[in-house]
Every structure is written in C-alpha cells, then in structure tokens.
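Participant: Coordinates in query-v5.cif, mmCIF, C-alpha atoms; chains and numbers go by the auth columns, are listed below.
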data_query
loop_
_atom_site.group_PDB
_atom_site.id
_atom_site.type_symbol
_atom_site.label_atom_id
_atom_site.label_comp_id
_atom_site.label_asym_id
_atom_site.label_seq_id
_atom_site.Cartn_x
_atom_site.Cartn_y
_atom_site.Cartn_z
_atom_site.B_iso_or_equiv
_atom_site.auth_seq_id
_atom_site.auth_asym_id
ATOM 1 C CA MET A 1 30.071 -29.681 -14.104 0.00 1 A
ATOM 2 C CA LYS A 2 26.334 -29.759 -13.398 0.00 2 A
ATOM 3 C CA HIS A 3 26.752 -32.582 -10.870 0.00 3 A
ATOM 4 C CA LYS A 4 29.594 -30.717 -9.213 0.00 4 A
ATOM 5 C CA SER A 5 27.410 -27.608 -8.794 0.00 5 A
ATOM 6 C CA LEU A 6 24.562 -29.646 -7.280 0.00 6 A
ATOM 7 C CA LEU A 7 27.013 -31.324 -4.891 0.00 7 A
ATOM 8 C CA ILE A 8 28.370 -27.929 -3.777 0.00 8 A
ATOM 9 C CA ILE A 9 24.821 -26.605 -3.227 0.00 9 A
ATOM 10 C CA PHE A 10 23.889 -29.722 -1.254 0.00 10 A
ATOM 11 C CA ILE A 11 27.016 -29.506 0.939 0.00 11 A
ATOM 12 C CA PHE A 12 26.396 -25.780 1.505 0.00 12 A
ATOM 13 C CA THR A 13 22.754 -26.402 2.491 0.00 13 A
ATOM 14 C CA VAL A 14 23.629 -29.181 4.944 0.00 14 A
ATOM 15 C CA THR A 15 26.485 -27.140 6.446 0.00 15 A
ATOM 16 C CA ALA A 16 24.282 -24.063 6.814 0.00 16 A
ATOM 17 C CA GLY A 17 21.569 -26.129 8.487 0.00 17 A
ATOM 18 C CA LEU A 18 24.016 -27.649 10.972 0.00 18 A
ATOM 19 C CA PHE A 19 25.539 -24.256 11.677 0.00 19 A
ATOM 20 C CA ALA A 20 22.127 -22.694 12.254 0.00 20 A
ATOM 21 C CA SER A 21 21.082 -25.440 14.686 0.00 21 A
ATOM 22 C CA LEU A 22 24.327 -25.168 16.663 0.00 22 A
ATOM 23 C CA PHE A 23 24.414 -21.365 16.703 0.00 23 A
ATOM 24 C CA PRO A 24 20.889 -19.927 16.657 0.00 24 A
ATOM 25 C CA TYR A 25 20.469 -16.361 15.496 0.00 25 A
ATOM 26 C CA PRO A 26 21.587 -13.965 16.886 0.00 26 A
ATOM 27 C CA ILE A 27 24.864 -15.636 17.812 0.00 27 A
ATOM 28 C CA PHE A 28 25.895 -13.048 20.370 0.00 28 A
ATOM 29 C CA SER A 29 22.457 -12.512 21.865 0.00 29 A
ATOM 30 C CA ASN A 30 21.813 -13.032 25.577 0.00 30 A
ATOM 31 C CA TYR A 31 18.855 -15.215 24.608 0.00 31 A
ATOM 32 C CA THR A 32 20.982 -18.028 23.142 0.00 32 A
ATOM 33 C CA ASN A 33 21.533 -19.547 26.588 0.00 33 A
ATOM 34 C CA ILE A 34 17.975 -19.423 27.946 0.00 34 A
ATOM 35 C CA THR A 35 16.128 -22.575 28.796 0.00 35 A
ATOM 36 C CA LYS A 36 12.939 -23.709 27.071 0.00 36 A
ATOM 37 C CA ASN A 37 10.997 -22.814 30.181 0.00 37 A
ATOM 38 C CA GLU A 38 12.440 -19.298 30.224 0.00 38 A
ATOM 39 C CA ALA A 39 11.627 -18.858 26.537 0.00 39 A
ATOM 40 C CA TYR A 40 8.061 -19.977 27.197 0.00 40 A
ATOM 41 C CA GLN A 41 7.719 -17.481 30.037 0.00 41 A
ATOM 42 C CA ILE A 42 9.083 -14.657 27.896 0.00 42 A
ATOM 43 C CA ASN A 43 6.807 -15.476 24.963 0.00 43 A
ATOM 44 C CA ASN A 44 3.769 -15.757 27.231 0.00 44 A
ATOM 45 C CA HIS A 45 4.562 -12.886 29.586 0.00 45 A
ATOM 46 C CA HIS A 46 1.440 -10.850 28.916 0.00 46 A
ATOM 47 C CA GLU A 47 -0.843 -13.876 28.908 0.00 47 A
ATOM 48 C CA THR A 48 0.671 -15.117 32.186 0.00 48 A
ATOM 49 C CA GLU A 49 0.240 -11.740 33.839 0.00 49 A
ATOM 50 C CA LEU A 50 -3.367 -11.618 32.705 0.00 50 A
ATOM 51 C CA GLN A 51 -4.050 -15.071 34.147 0.00 51 A
ATOM 52 C CA LYS A 52 -2.491 -14.042 37.464 0.00 52 A
ATOM 53 C CA GLN A 53 -4.709 -10.980 37.666 0.00 53 A
ATOM 54 C CA GLU A 54 -7.813 -13.030 36.955 0.00 54 A
ATOM 55 C CA THR A 55 -7.052 -15.817 39.420 0.00 55 A
ATOM 56 C CA GLU A 56 -5.374 -13.868 42.203 0.00 56 A
ATOM 57 C CA HIS A 57 -7.825 -10.981 42.333 0.00 57 A
ATOM 58 C CA SER A 58 -11.135 -12.545 41.374 0.00 58 A
ATOM 59 C CA PRO A 59 -12.976 -14.006 44.372 0.00 59 A
ATOM 60 C CA GLN A 60 -15.620 -16.531 43.432 0.00 60 A
ATOM 61 C CA ILE A 61 -18.479 -18.425 45.016 0.00 61 A
ATOM 62 C CA LEU A 62 -18.410 -22.176 44.454 0.00 62 A
ATOM 63 C CA ASN A 63 -21.670 -23.974 45.190 0.00 63 A
ATOM 64 C CA LEU A 64 -20.100 -27.413 45.499 0.00 64 A
ATOM 65 C CA ASP A 65 -22.019 -30.472 46.580 0.00 65 A
ATOM 66 C CA TRP A 66 -21.488 -31.401 50.229 0.00 66 A
ATOM 67 C CA GLN A 67 -20.841 -35.115 49.881 0.00 67 A
ATOM 68 C CA ASN A 68 -18.777 -34.995 46.689 0.00 68 A
ATOM 69 C CA GLY A 69 -16.919 -31.777 47.327 0.00 69 A
ATOM 70 C CA ILE A 70 -17.003 -29.568 50.391 0.00 70 A
ATOM 71 C CA CYS A 71 -16.859 -32.247 53.092 0.00 71 A
ATOM 72 C CA SER A 72 -13.566 -33.488 51.638 0.00 72 A
ATOM 73 C CA LEU A 73 -12.120 -29.952 51.542 0.00 73 A
ATOM 74 C CA LEU A 74 -12.994 -28.787 55.053 0.00 74 A
ATOM 75 C CA GLU A 75 -10.857 -30.075 57.900 0.00 75 A
ATOM 76 C CA GLU A 76 -11.851 -30.887 61.451 0.00 76 A
ATOM 77 C CA ASP A 77 -10.292 -28.520 64.029 0.00 77 A
ATOM 78 C CA ALA A 78 -9.564 -26.025 61.240 0.00 78 A
ATOM 79 C CA VAL A 79 -10.659 -22.399 61.622 0.00 79 A
ATOM 80 C CA TYR A 80 -12.551 -20.560 58.888 0.00 80 A
ATOM 81 C CA LYS A 81 -14.124 -17.140 58.505 0.00 81 A
ATOM 82 C CA LEU A 82 -17.913 -16.894 58.197 0.00 82 A
ATOM 83 C CA ILE A 83 -19.645 -13.853 56.745 0.00 83 A
ATOM 84 C CA ASP A 84 -23.258 -13.200 57.685 0.00 84 A
ATOM 85 C CA LEU A 85 -24.717 -11.793 54.478 0.00 85 A
ATOM 86 C CA LYS A 86 -27.603 -9.980 56.150 0.00 86 A
ATOM 87 C CA THR A 87 -25.349 -7.800 58.308 0.00 87 A
ATOM 88 C CA GLN A 88 -21.935 -8.537 56.733 0.00 88 A
ATOM 89 C CA THR A 89 -20.693 -9.421 60.212 0.00 89 A
ATOM 90 C CA GLN A 90 -17.533 -11.520 60.057 0.00 90 A
ATOM 91 C CA PHE A 91 -16.430 -14.000 62.684 0.00 91 A
ATOM 92 C CA TYR A 92 -14.312 -17.125 62.967 0.00 92 A
ATOM 93 C CA ILE A 93 -15.566 -20.643 63.535 0.00 93 A
ATOM 94 C CA LYS A 94 -13.896 -23.957 64.247 0.00 94 A
ATOM 95 C CA ILE A 95 -14.993 -27.192 62.590 0.00 95 A
ATOM 96 C CA LEU A 96 -15.844 -29.817 65.213 0.00 96 A
ATOM 97 C CA ASP A 97 -17.301 -32.594 63.114 0.00 97 A
ATOM 98 C CA ILE A 98 -17.905 -33.366 59.445 0.00 98 A
ATOM 99 C CA GLN A 99 -20.599 -35.930 58.711 0.00 99 A
ATOM 100 C CA ASN A 100 -24.017 -35.071 57.301 0.00 100 A
ATOM 101 C CA HIS A 101 -23.121 -31.393 57.620 0.00 101 A
ATOM 102 C CA ALA A 102 -20.573 -29.336 59.523 0.00 102 A
ATOM 103 C CA ASP A 103 -20.848 -28.979 63.296 0.00 103 A
ATOM 104 C CA ILE A 104 -19.112 -25.765 64.262 0.00 104 A
ATOM 105 C CA GLU A 105 -18.409 -23.568 67.254 0.00 105 A
ATOM 106 C CA PRO A 106 -17.132 -19.990 67.610 0.00 106 A
ATOM 107 C CA ASN A 107 -13.363 -19.846 67.701 0.00 107 A
ATOM 108 C CA SER A 108 -13.215 -17.364 70.581 0.00 108 A
ATOM 109 C CA ILE A 109 -15.402 -15.618 73.131 0.00 109 A
ATOM 110 C CA GLN A 110 -15.435 -12.579 70.860 0.00 110 A
ATOM 111 C CA ASP A 111 -16.707 -14.722 67.983 0.00 111 A
ATOM 112 C CA PHE A 112 -19.350 -16.200 70.274 0.00 112 A
ATOM 113 C CA GLU A 113 -20.529 -12.711 71.200 0.00 113 A
ATOM 114 C CA LEU A 114 -20.743 -11.715 67.531 0.00 114 A
ATOM 115 C CA MET A 115 -22.911 -14.762 66.848 0.00 115 A
ATOM 116 C CA GLN A 116 -25.047 -13.951 69.866 0.00 116 A
ATOM 117 C CA ASN A 117 -25.534 -10.392 68.609 0.00 117 A
ATOM 118 C CA LEU A 118 -26.743 -11.760 65.261 0.00 118 A
ATOM 119 C CA SER A 119 -29.529 -13.547 67.093 0.00 119 A
ATOM 120 C CA ASN A 120 -30.336 -10.446 69.185 0.00 120 A
ATOM 121 C CA ASN A 121 -29.514 -12.515 72.260 0.00 121 A
ATOM 122 C CA ALA A 122 -32.392 -14.853 71.415 0.00 122 A
ATOM 123 C CA TRP A 123 -31.088 -18.078 69.869 0.00 123 A
ATOM 124 C CA SER A 124 -33.198 -19.282 66.958 0.00 124 A
ATOM 125 C CA TRP A 125 -33.371 -22.212 64.528 0.00 125 A
ATOM 126 C CA ASN A 126 -34.017 -19.704 61.736 0.00 126 A
ATOM 127 C CA ARG A 127 -31.588 -20.209 58.864 0.00 127 A
ATOM 128 C CA ARG A 128 -29.195 -17.412 57.935 0.00 128 A
ATOM 129 C CA PRO A 129 -27.401 -17.062 54.572 0.00 129 A
ATOM 130 C CA MET A 130 -23.647 -17.215 55.017 0.00 130 A
ATOM 131 C CA LEU A 131 -20.416 -17.333 53.075 0.00 131 A
ATOM 132 C CA LEU A 132 -17.600 -19.506 54.335 0.00 132 A
ATOM 133 C CA LYS A 133 -14.234 -18.145 53.231 0.00 133 A
ATOM 134 C CA TYR A 134 -12.219 -21.184 52.165 0.00 134 A
ATOM 135 C CA ASN A 135 -9.176 -19.285 50.889 0.00 135 A
ATOM 136 C CA GLU A 136 -8.310 -15.867 49.479 0.00 136 A
ATOM 137 C CA THR A 137 -10.353 -16.353 46.314 0.00 137 A
ATOM 138 C CA THR A 138 -12.900 -19.059 47.149 0.00 138 A
ATOM 139 C CA TYR A 139 -16.144 -18.821 49.128 0.00 139 A
ATOM 140 C CA PHE A 140 -18.769 -21.488 49.788 0.00 140 A
ATOM 141 C CA PRO A 141 -22.440 -20.495 50.213 0.00 141 A
ATOM 142 C CA ALA A 142 -23.905 -21.876 53.430 0.00 142 A
ATOM 143 C CA SER A 143 -26.853 -21.800 55.801 0.00 143 A
ATOM 144 C CA LEU A 144 -26.401 -21.415 59.555 0.00 144 A
ATOM 145 C CA SER A 145 -28.803 -22.164 62.381 0.00 145 A
ATOM 146 C CA LEU A 146 -28.047 -19.864 65.289 0.00 146 A
ATOM 147 C CA TYR A 147 -29.156 -22.293 67.948 0.00 147 A
ATOM 148 C CA PRO A 148 -26.413 -23.848 70.112 0.00 148 A
ATOM 149 C CA HIS A 149 -27.022 -27.450 71.108 0.00 149 A
ATOM 150 C CA GLY A 150 -25.229 -30.695 71.874 0.00 150 A
ATOM 151 C CA HIS A 151 -21.503 -30.908 72.492 0.00 151 A
ATOM 152 C CA SER A 152 -18.920 -28.159 72.242 0.00 152 A
ATOM 153 C CA GLN A 153 -15.217 -27.878 72.992 0.00 153 A
ATOM 154 C CA ALA A 154 -15.381 -24.162 73.771 0.00 154 A
ATOM 155 C CA ARG A 155 -17.013 -22.607 76.833 0.00 155 A
ATOM 156 C CA THR A 156 -20.308 -22.050 75.071 0.00 156 A
ATOM 157 C CA THR A 157 -23.703 -23.646 75.305 0.00 157 A
ATOM 158 C CA GLY A 158 -23.145 -26.070 72.425 0.00 158 A
ATOM 159 C CA HIS A 159 -22.291 -26.313 68.748 0.00 159 A
ATOM 160 C CA PHE A 160 -24.063 -24.896 65.698 0.00 160 A
ATOM 161 C CA CYS A 161 -25.109 -26.565 62.433 0.00 161 A
ATOM 162 C CA LEU A 162 -23.682 -25.235 59.188 0.00 162 A
ATOM 163 C CA HIS A 163 -25.233 -26.630 56.009 0.00 163 A
ATOM 164 C CA PHE A 164 -24.082 -26.628 52.397 0.00 164 A
ATOM 165 C CA LYS A 165 -25.553 -27.796 49.100 0.00 165 A
ATOM 166 C CA ASN A 166 -27.222 -31.207 49.608 0.00 166 A
ATOM 167 C CA SER A 167 -25.985 -31.645 53.174 0.00 167 A
ATOM 168 C CA LYS A 168 -28.334 -33.529 55.501 0.00 168 A
ATOM 169 C CA THR A 169 -29.660 -33.278 59.023 0.00 169 A
ATOM 170 C CA ASN A 170 -28.629 -35.878 61.581 0.00 170 A
ATOM 171 C CA GLN A 171 -32.181 -36.566 62.686 0.00 171 A
ATOM 172 C CA THR A 172 -33.689 -37.331 59.276 0.00 172 A
ATOM 173 C CA ASN A 173 -30.610 -38.128 57.163 0.00 173 A
ATOM 174 C CA GLN A 174 -32.322 -36.001 54.512 0.00 174 A
ATOM 175 C CA THR A 175 -31.691 -32.554 53.081 0.00 175 A
ATOM 176 C CA ASP A 176 -33.516 -29.700 54.795 0.00 176 A
ATOM 177 C CA ASP A 177 -35.577 -27.569 52.392 0.00 177 A
ATOM 178 C CA PHE A 178 -35.160 -24.429 54.506 0.00 178 A
ATOM 179 C CA HIS A 179 -31.374 -24.786 54.556 0.00 179 A
ATOM 180 C CA GLN A 180 -31.238 -25.458 50.810 0.00 180 A
ATOM 181 C CA THR A 181 -33.396 -22.409 50.081 0.00 181 A
ATOM 182 C CA THR A 182 -31.199 -20.284 52.322 0.00 182 A
ATOM 183 C CA ILE A 183 -28.107 -21.487 50.455 0.00 183 A
ATOM 184 C CA LYS A 184 -29.642 -20.244 47.209 0.00 184 A
ATOM 185 C CA ILE A 185 -30.213 -16.883 48.887 0.00 185 A
ATOM 186 C CA ALA A 186 -26.574 -16.934 50.029 0.00 186 A
ATOM 187 C CA ILE A 187 -25.432 -17.389 46.428 0.00 187 A
ATOM 188 C CA LYS A 188 -27.452 -14.396 45.259 0.00 188 A
ATOM 189 C CA GLN A 189 -26.493 -12.120 48.148 0.00 189 A
ATOM 190 C CA GLY A 190 -22.947 -13.439 48.095 0.00 190 A
ATOM 191 C CA LYS A 191 -22.445 -12.285 44.512 0.00 191 A
ATOM 192 C CA ASN A 192 -23.197 -8.720 45.592 0.00 192 A
ATOM 193 C CA TYR A 193 -20.827 -9.102 48.532 0.00 193 A
ATOM 194 C CA ILE A 194 -18.047 -10.374 46.239 0.00 194 A
ATOM 195 C CA LYS A 195 -18.756 -7.598 43.760 0.00 195 A
ATOM 196 C CA ASN A 196 -18.304 -4.970 46.476 0.00 196 A
ATOM 197 C CA LEU A 197 -14.983 -6.539 47.463 0.00 197 A
ATOM 198 C CA GLN A 198 -13.648 -5.818 43.979 0.00 198 A
ATOM 199 C CA ILE A 199 -14.625 -2.131 43.960 0.00 199 A
#
Let's see the structure in the file written out as structure tokens.
Facilitator:
Amino acid sequence: MKHKSLLIIFIFTVTAGLFASLFPYPIFSNYTNITKNEAYQINNHHETELQKQETEHSPQILNLDWQNGICSLLEEDAVYKLIDLKTQTQFYIKILDIQNHADIEPNSIQDFELMQNLSNNAWSWNRRPMLLKYNETTYFPASLSLYPHGHSQARTTGHFCLHFKNSKTNQTNQTDDFHQTTIKIAIKQGKNYIKNLQI
C-alpha cells in the first residue's frame, strides 16, 4: 500500500510538471503566446525607457585621439557642423582631406562669410576653441586656425586646418602645443555649451 501511494504521488508530480510546462499559468492569458524577446521587453520596460532618455537626450563631448579614433570616424567630402565656442556661431564645413589633421573648407558662401566674421575680416593663425557636431549626441572638441591657405574646392581663398587631440601639423609632423591647449579650452567651454542645450 505504501509503495502504491508513493507511485501515485510520483506519477502526479511528473504529470503536473509536464502540464505546467505545456500550459504556463495563466492558461487563458494573452501572455502565453509572447516571444522571449517580447517578455524581456515587458519585464525591462522601465529600464529600457530610462536608457533611451539617457542616450537619446544626453549630448556628450568625446575627446578621442586623432590617429586612433577621430580620423577613422570623419569622412572626406562629408559635411559637419562647427560651433565656435567664443561666440556660439554655428556654420557648416566640408572635410577635404584627412591626414595629420583635418583640412576643411566652408560648405557654402554663407558659411564662408560666418567664418570671415569670426576673424573680423582679418584672417589669423590664432587658434579658436570649437566643437564639431558628429551626430545628435556626440561632439568632438577641436581647434581651428582661421587662416585660409593652400588648395580649396570652393570659391574661397583656400582651406583651413582643424585639429583634434594629438593631431599633427603637416610641416613638422608633430603636435602643436597651441592647438592642444585650445582643445582643452574647448572641452571646458564645450561642457557649458552642452549644459545649456539641456536646459
């Protein structure tokens, strides 16, 4: 009799386990037919929404190294927005060449005039702290010399040199201390600029 009772309990346990795996509780719930991915999304709804808010609405400044980072991200002939941090003037530039640093030119006559106004119509090799807007949430700190020289595709007087962390000059093949210092200034001023964007 004892063995018979144990056998009945064993059969009941196995049957209940199989039944539960085939028909998860609640049997008539709409959630019995959801995929694993859908279940994951439901269970992590609040966490997912929080991550979206943080990534989609939180601009950041990335001070990436030129050789091991930025030069592989920027594209020749691509157009990017530059923000002059001293005046917060925004204009568009086109990448002409990517080697030791970025050779750029204004994307339009209007952009050229904005750059000219920054120099007070007197071109200068003085470095200016800039932010290059890479995408909606990513900015690169940069240093721009407002002195056109050399070749240019547009109807301007030449291209301009845009430097990033550890980029080099063509003449010396070395980093330029003034550009690197200006990039550090761009990081500091850029944080305030980004902060104001979020207000």
Participant: Would you mind telling me which residue in A:Ala186, A:Leu146, A:Ile98, A:Leu197 lies nearest to Lys168 in chain A when using all atoms listed in the file?
Facilitator: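 Selected residue with least distance to Lys168 in chain A: A:Ile98.
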Participant: Enumerate, as a compact mmCIF listing (two decimals) with C-alpha atoms, in the frame of the given file, the residues matched when the PyMOL selection byres ((chain A and resi 163) around 6) is run on the file above.
Facilitator:
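What ended up in result28.txt:
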# COMPACT_ATOMS: atom_id res chain seq x y z
CA HIS A 101 -23.12 -31.39 57.62
CA ALA A 142 -23.90 -21.88 53.43
CA SER A 143 -26.85 -21.80 55.80
CA LEU A 162 -23.68 -25.24 59.19
CA PHE A 164 -24.08 -26.63 52.40
CA SER A 167 -25.98 -31.64 53.17
Participant: Can you list what the PyMOL selection byres ((chain A and resi 139) around 9) grabs from this structure, as an mmCIF file with C-alpha atoms, keeping the file's coordinate frame?
Facilitator:
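So the final result, stored in expr01.cif, reads:
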data_model
loop_
_atom_site.group_PDB
_atom_site.id
_atom_site.type_symbol
_atom_site.label_atom_id
_atom_site.label_comp_id
_atom_site.auth_asym_id
_atom_site.auth_seq_id
_atom_site.Cartn_x
_atom_site.Cartn_y
_atom_site.Cartn_z
ATOM 1 C CA PRO A 59 -12.976 -14.006 44.372
ATOM 2 C CA GLN A 60 -15.620 -16.531 43.432
ATOM 3 C CA ILE A 61 -18.479 -18.425 45.016
ATOM 4 C CA LEU A 62 -18.410 -22.176 44.454
ATOM 5 C CA ASN A 63 -21.670 -23.974 45.190
ATOM 6 C CA LEU A 131 -20.416 -17.333 53.075
ATOM 7 C CA LEU A 132 -17.600 -19.506 54.335
ATOM 8 C CA LYS A 133 -14.234 -18.145 53.231
ATOM 9 C CA TYR A 134 -12.219 -21.184 52.165
ATOM 10 C CA ASN A 135 -9.176 -19.285 50.889
ATOM 11 C CA GLU A 136 -8.310 -15.867 49.479
ATOM 12 C CA THR A 137 -10.353 -16.353 46.314
ATOM 13 C CA THR A 138 -12.900 -19.059 47.149
ATOM 14 C CA PHE A 140 -18.769 -21.488 49.788
ATOM 15 C CA PRO A 141 -22.440 -20.495 50.213
ATOM 16 C CA GLY A 190 -22.947 -13.439 48.095
#
Participant: Ranking A:Asn166, A:Asn107, A:Thr175, A:Thr157 by minimum distance to Asp65 in chain A and counting only C-alpha atoms, which one comes first?
Facilitator: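 Looking only at the distances to Asp65 in chain A, the closest residue turns out to be A:Asn166.
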Participant: Which is closest to Asp176 in chain A among A:Leu144, A:Ile194, A:Met130, A:Leu85, if we use all atoms listed in the file?
Facilitator: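 Looking at the shortest contact to Asp176 in chain A, the residue is A:Leu144.
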Participant: Between CA of Ser124 in chain A and CA of Ala78 in chain A, measure the distance and give it in Å to one decimal.
Facilitator: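 Spanning CA of Ser124 in chain A to CA of Ala78 in chain A is a straight-line distance of 25.2 Å.
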